[in-house]
Amino acid sequence: MTLPGTAPAPVPARGGARYYRFRPLNIGRWVVWSSFAALLLVAPLVWTTSLAHTMLSQMGIAIIVCLSYNMLLGQGGMLSFGHAVYSGLGAFIAIHTLNLVAKGALPLPVSLIPIVGGLAGLLFAVALGWVTTKKAATPFAMITLGIGELVYAMSLMFPEFFGGEGGISGNRVTGPKPFGITFGPQIQLYYLIAVYTFVCTALMFAFTRTPLGRMLNAVRDNPERVEFVGYDTQKVRYIAFMVSAFFAGISGGLAALNFEIVTSEVVSGYRSGAYLLFTFLGGATFFFGPVIGGVLMVLAFVLLSEITKAWLLYLGLVFLFMVMYAPGGIASLIMMNLRVASFGRLRELWVSYLALAATALLALLGAAGMIEMVYHLKLNPALGPELQFLGMTLDAHAVDSWFGCGFVLLTGIGLFELMRRHFVRQWGQIQEFIEKEVKRRETAA
C-alpha cells in the first residue's frame with residue numbers, strides 16, 4: 001500500500017515480473033478538507049459586517065484551542081482543568097513579543113508571532129508536563145487544577161510580566177508590511193487566523209493518524225495492556241501534553257493579535273472550564289466535535305451574552321440536558337443520524353424530530369419567561385416589575401404572568417416526555433433493523 005501522492009511500491013508477480021498496485025484516493029476526505037478550506041475562504045465574503053469578521057476570527061481561534069484540548073480529553077482520556085495556562089501564557093509571551101517588534105528590538109514579522117506563542121506554550125508544557133502526567137484520571141485532573149490556580153494567582157502577584165488587572169496591550173499594526181498587509185483591517189487578520197486554523201487543524205488530524213496518536217488512544221482505553229507490551233504510558237501522555245500545549249499557545253498568540261490586549265483572565269480556571277464545556281458539547285469522541293464546540297463557544301460568549309443576563313444559566317441547562325440525553329455531544333448525534341441515513345431510514349424520523357423540537361421549544365419558552373422575571377426582579381428592581389420578553393410584556397409581580405409561564409413549561413415538559421418515549425421506541429426499531437441488515441450483509445459477503 002502507498003499513501004496518496006507517493007510512488008506506488010512494486011509488488012512481485014509470478015515468473016519474476018513486477019506490477020504496481022495503486023491505492024485509491026480517499027475522495028471523501030479530499031471533499032471534506034476542500035470544503036473546510038472553501039468555507040474559511042468564503043465566510044467573510046458572505047458575512048461582511050465588522051462584527052461578523054470579529055466573530056469569525058474568534059471562531060478560528062476557538063477551534064484551534066478546543067482541538068488542542070481534545071487531544072488531551074478525547075484522544076488521551078486526560079481531563080484537564082488547567083488548559084488555559086498554556087494558551088494564556090502563550091498569549092502573554094506573544095503580546096510581549098509584539099511590543100518588542102513595535103520597538104524595533106526584534107525583527108520578526110507579525111504573522112509569525114502566533115508561532116512564538118506556540119513555542120512558549122510548548123516550553124511551559126516541557127517544564128510542567130512531566131509532573132502533571134505522572135498520574136492519570138482523577139489525580140491528573142487535580143494536578144492540572146492546582147497548577148492552573150497557581151498560575152492565575154501568579155498573574156496577579158507579578159504585574160511586571162502579567163500587567164496586573166489592566167493586562168498588557170500592544171499594537172499589531174507594526175513591523176514590516178509585505179504587499180501592503182498591515183493587519184489593521186479585521187478582514188486581513190481574519191485570513192491570517194484562517195490560515196493558522198486550517199494548518200493547525202490539518203496537523204492535529206495528522207497527529208491522530210500517527211503511531212503516537214494511536215498509542216495515545218491505547219493509553220486512554222487500556223493503560224495496563226500498553227505497559228504490558230513495553231510502552232511507558234507517562235511518556236506517551238507527556239509527549240501528547242506538549243503537542244497539545246504547542247497548539248494551545250498558537251491560539252493564544254492569535255488571540256493576542258486579535259484583541260491587542262492580554263489580561264489575567266486568559267489563564268483563569270473560568271477559561272479552562274469553558275474549553276472543557278464546549279469541547280464536551282461539540283463531541284470529544286470525534287475529531288470534528290471540538291470544531292462545533294469552538295463555534296458554539298463564540299456564539300454563546302458574543303451573542304447569547306448580549307441577549308440575556310442569564311446566559312450562563314441557560315448554558316448550564318444545555319450542558320445538563322446534553323449529559324442526560326446526548327453524552328457524546330453534537331458530533332455523536334450527527335454521526336448516529338448519518339448511520340441511520342446510510343440505511344435509508346432517516347426520513348422516518350423527521351416527524352418525531354420536529355415534534356421533539358417543538359415541545360422542547362415550548363418548555364424552554366416557559367422556563368425562560370420565569371428565569372427572565374427572576375433576573376429582572378433581582379438585577380433591575382428600579383426599572384419596575386414589567387419587562388419585555390419575545391415581544392410580550394411580562395409583569396414580574398403579577399400572578400397571571402407566573403401562572404402562564406408555569407403552564408407553558410409544564411405543558412411543554414409533558415408533551416416532550418410523550419414524544420421522547422415514542423421516539424425511543426421508533427429509534428429502537430430502526431436500530432434492530434440496522435443490526436439485522438448488517439448481519440445479513442456480512443453473511444452474504
# chains A, B, ... in the order shown; residues from 1 in each chain; ligands from 1
$ residues_around --residues "Ile113 in chain A" --least-positions-apart "3" --cutoff "7 Å" --atoms "only C-alpha atoms" --output "CSV table (one decimal) with C-alpha atoms, in the first residue's frame"
chain,number,residue,atom,x,y,z
A,94,ALA,CA,3.1,36.7,22.2
A,110,VAL,CA,3.7,39.9,12.9
A,116,VAL,CA,6.2,32.3,19.3
A,117,GLY,CA,3.1,31.8,21.4
A,253,GLY,CA,-0.8,34.1,20.1
$ select_by_dssp --residues "range 306-444 of chain A" --states "strand (DSSP E)" --output "PyMOL selection string"
chain A and resi 386-389+392-395
$ write_last_selection --atoms "N, CA and C atoms" --output "PDB file, in the first residue's frame"
ATOM      1  N   GLU A 386     -42.350  45.381  35.134  1.00  0.00           N
ATOM      2  CA  GLU A 386     -42.633  44.939  33.766  1.00  0.00           C
ATOM      3  C   GLU A 386     -41.338  44.795  32.969  1.00  0.00           C
ATOM      4  N   LEU A 387     -41.349  43.783  32.067  1.00  0.00           N
ATOM      5  CA  LEU A 387     -40.208  43.566  31.179  1.00  0.00           C
ATOM      6  C   LEU A 387     -40.707  43.008  29.864  1.00  0.00           C
ATOM      7  N   GLN A 388     -39.919  43.240  28.823  1.00  0.00           N
ATOM      8  CA  GLN A 388     -40.251  42.729  27.502  1.00  0.00           C
ATOM      9  C   GLN A 388     -39.570  41.377  27.283  1.00  0.00           C
ATOM     10  N   PHE A 389     -40.377  40.406  26.836  1.00  0.00           N
ATOM     11  CA  PHE A 389     -39.839  39.069  26.586  1.00  0.00           C
ATOM     12  C   PHE A 389     -40.442  38.534  25.297  1.00  0.00           C
ATOM     13  N   MET A 392     -43.522  40.139  24.139  1.00  0.00           N
ATOM     14  CA  MET A 392     -44.612  40.154  25.126  1.00  0.00           C
ATOM     15  C   MET A 392     -44.186  40.949  26.354  1.00  0.00           C
ATOM     16  N   THR A 393     -45.173  41.512  27.045  1.00  0.00           N
ATOM     17  CA  THR A 393     -44.917  42.240  28.283  1.00  0.00           C
ATOM     18  C   THR A 393     -45.269  41.340  29.461  1.00  0.00           C
ATOM     19  N   LEU A 394     -44.278  41.060  30.278  1.00  0.00           N
ATOM     20  CA  LEU A 394     -44.493  40.250  31.477  1.00  0.00           C
ATOM     21  C   LEU A 394     -44.407  41.141  32.704  1.00  0.00           C
ATOM     22  N   ASP A 395     -45.247  40.852  33.669  1.00  0.00           N
ATOM     23  CA  ASP A 395     -45.248  41.583  34.934  1.00  0.00           C
ATOM     24  C   ASP A 395     -44.739  40.637  36.014  1.00  0.00           C
TER      25      ASP A 395
END
$ closest_residue --among "A:Ile63, A:Met373, A:Val85, A:Leu349" --to "Met154 in chain A" --atoms "only C-alpha atoms"
A:Val85
$ atom_distance --atom1 "CA of Gly294 in chain A" --atom2 "CA of Ser272 in chain A"
13.1 Å
$ closest_residue --among "A:Phe259, A:Trp427, A:Phe81, A:Tyr231" --to "Ser169 in chain A" --atoms "only C-alpha atoms"
A:Phe259
$ select_by_dssp --residues "range 122-254 of chain A" --states "helix (DSSP H, G or I)" --output "MDAnalysis selection string"
chainID A and resid 122:132 137:157 159:162 164:166 178:180 186:208 211:221 223:228 233:254
$ write_last_selection --atoms "C-alpha atoms" --output "CSV table (one decimal), in the first residue's frame"
chain,number,residue,atom,x,y,z
A,122,LEU,CA,5.4,24.1,24.4
A,123,LEU,CA,8.2,25.4,26.7
A,124,PHE,CA,5.9,25.7,29.7
A,125,ALA,CA,4.5,22.2,29.0
A,126,VAL,CA,8.0,20.8,29.0
A,127,ALA,CA,8.6,22.4,32.4
A,128,LEU,CA,5.2,21.5,34.0
A,129,GLY,CA,4.1,18.5,31.9
A,130,TRP,CA,6.3,15.8,33.5
A,131,VAL,CA,4.9,16.4,36.9
A,132,THR,CA,1.4,16.7,35.5
A,137,ALA,CA,-7.5,10.0,35.7
A,138,THR,CA,-8.6,12.0,38.8
A,139,PRO,CA,-5.1,12.8,40.1
A,140,PHE,CA,-4.2,14.2,36.7
A,141,ALA,CA,-7.3,16.5,36.8
A,142,MET,CA,-6.4,17.7,40.3
A,143,ILE,CA,-2.8,18.4,39.4
A,144,THR,CA,-3.9,20.5,36.4
A,145,LEU,CA,-6.4,22.3,38.6
A,146,GLY,CA,-3.7,23.1,41.1
A,147,ILE,CA,-1.2,24.3,38.5
A,148,GLY,CA,-4.0,26.4,36.9
A,149,GLU,CA,-4.8,28.1,40.2
A,150,LEU,CA,-1.1,28.7,40.9
A,151,VAL,CA,-0.5,30.4,37.6
A,152,TYR,CA,-3.7,32.5,37.9
A,153,ALA,CA,-2.5,33.6,41.4
A,154,MET,CA,0.9,34.5,40.0
A,155,SER,CA,-0.7,36.6,37.3
A,156,LEU,CA,-1.9,39.0,40.0
A,157,MET,CA,1.3,38.9,42.0
A,159,PRO,CA,2.4,42.8,37.4
A,160,GLU,CA,5.8,43.4,35.7
A,161,PHE,CA,5.1,40.4,33.4
A,162,PHE,CA,1.3,40.0,33.6
A,164,GLY,CA,-1.8,43.4,36.8
A,165,GLU,CA,-5.5,43.9,36.5
A,166,GLY,CA,-5.1,46.0,33.4
A,178,PRO,CA,4.8,42.9,2.8
A,179,PHE,CA,2.3,43.5,-0.1
A,180,GLY,CA,0.8,46.4,2.0
A,186,GLN,CA,-10.1,42.9,10.7
A,187,ILE,CA,-10.5,41.0,7.4
A,188,GLN,CA,-6.7,40.9,6.9
A,189,LEU,CA,-6.3,39.5,10.4
A,190,TYR,CA,-9.1,37.0,9.8
A,191,TYR,CA,-7.4,35.5,6.8
A,192,LEU,CA,-4.2,35.1,8.9
A,193,ILE,CA,-6.2,33.3,11.5
A,194,ALA,CA,-7.9,31.2,8.8
A,195,VAL,CA,-4.6,30.0,7.5
A,196,TYR,CA,-3.4,29.1,11.0
A,197,THR,CA,-6.8,27.4,11.7
A,198,PHE,CA,-6.6,25.3,8.6
A,199,VAL,CA,-2.9,24.3,9.0
A,200,CYS,CA,-3.3,23.6,12.8
A,201,THR,CA,-6.5,21.6,12.2
A,202,ALA,CA,-4.7,19.5,9.5
A,203,LEU,CA,-1.7,18.9,11.7
A,204,MET,CA,-3.7,17.8,14.7
A,205,PHE,CA,-5.7,15.5,12.4
A,206,ALA,CA,-2.5,14.1,11.1
A,207,PHE,CA,-1.3,13.5,14.6
A,208,THR,CA,-4.3,11.3,15.2
A,211,PRO,CA,1.7,5.7,15.7
A,212,LEU,CA,2.0,8.1,18.6
A,213,GLY,CA,-1.6,9.2,18.2
A,214,ARG,CA,-2.8,5.6,18.0
A,215,MET,CA,-0.8,4.8,21.1
A,216,LEU,CA,-2.3,7.7,22.9
A,217,ASN,CA,-5.8,6.1,22.2
A,218,ALA,CA,-4.5,2.8,23.6
A,219,VAL,CA,-3.2,4.6,26.8
A,220,ARG,CA,-6.7,6.1,27.1
A,221,ASP,CA,-8.5,2.8,26.6
A,223,PRO,CA,-3.1,1.6,30.0
A,224,GLU,CA,-2.3,-1.7,31.7
A,225,ARG,CA,-2.0,-3.5,28.4
A,226,VAL,CA,0.1,-0.7,27.0
A,227,GLU,CA,2.5,-1.1,29.9
A,228,PHE,CA,2.5,-4.9,29.4
A,233,THR,CA,2.3,5.4,29.4
A,234,GLN,CA,3.7,8.5,31.1
A,235,LYS,CA,6.0,9.3,28.2
A,236,VAL,CA,3.1,8.9,25.8
A,237,ARG,CA,0.9,11.3,27.9
A,238,TYR,CA,3.8,13.7,28.3
A,239,ILE,CA,4.5,14.0,24.6
A,240,ALA,CA,0.8,14.4,23.8
A,241,PHE,CA,0.6,17.0,26.6
A,242,MET,CA,3.5,19.0,25.0
A,243,VAL,CA,1.9,18.8,21.5
A,244,SER,CA,-1.4,20.0,22.8
A,245,ALA,CA,0.2,22.9,24.7
A,246,PHE,CA,2.0,24.0,21.5
A,247,PHE,CA,-1.3,24.3,19.6
A,248,ALA,CA,-2.9,26.0,22.6
A,249,GLY,CA,-0.1,28.5,22.6
A,250,ILE,CA,-0.7,29.2,18.9
A,251,SER,CA,-4.3,30.0,19.7
A,252,GLY,CA,-3.2,32.3,22.5
A,253,GLY,CA,-0.8,34.1,20.1
A,254,LEU,CA,-3.6,34.6,17.6
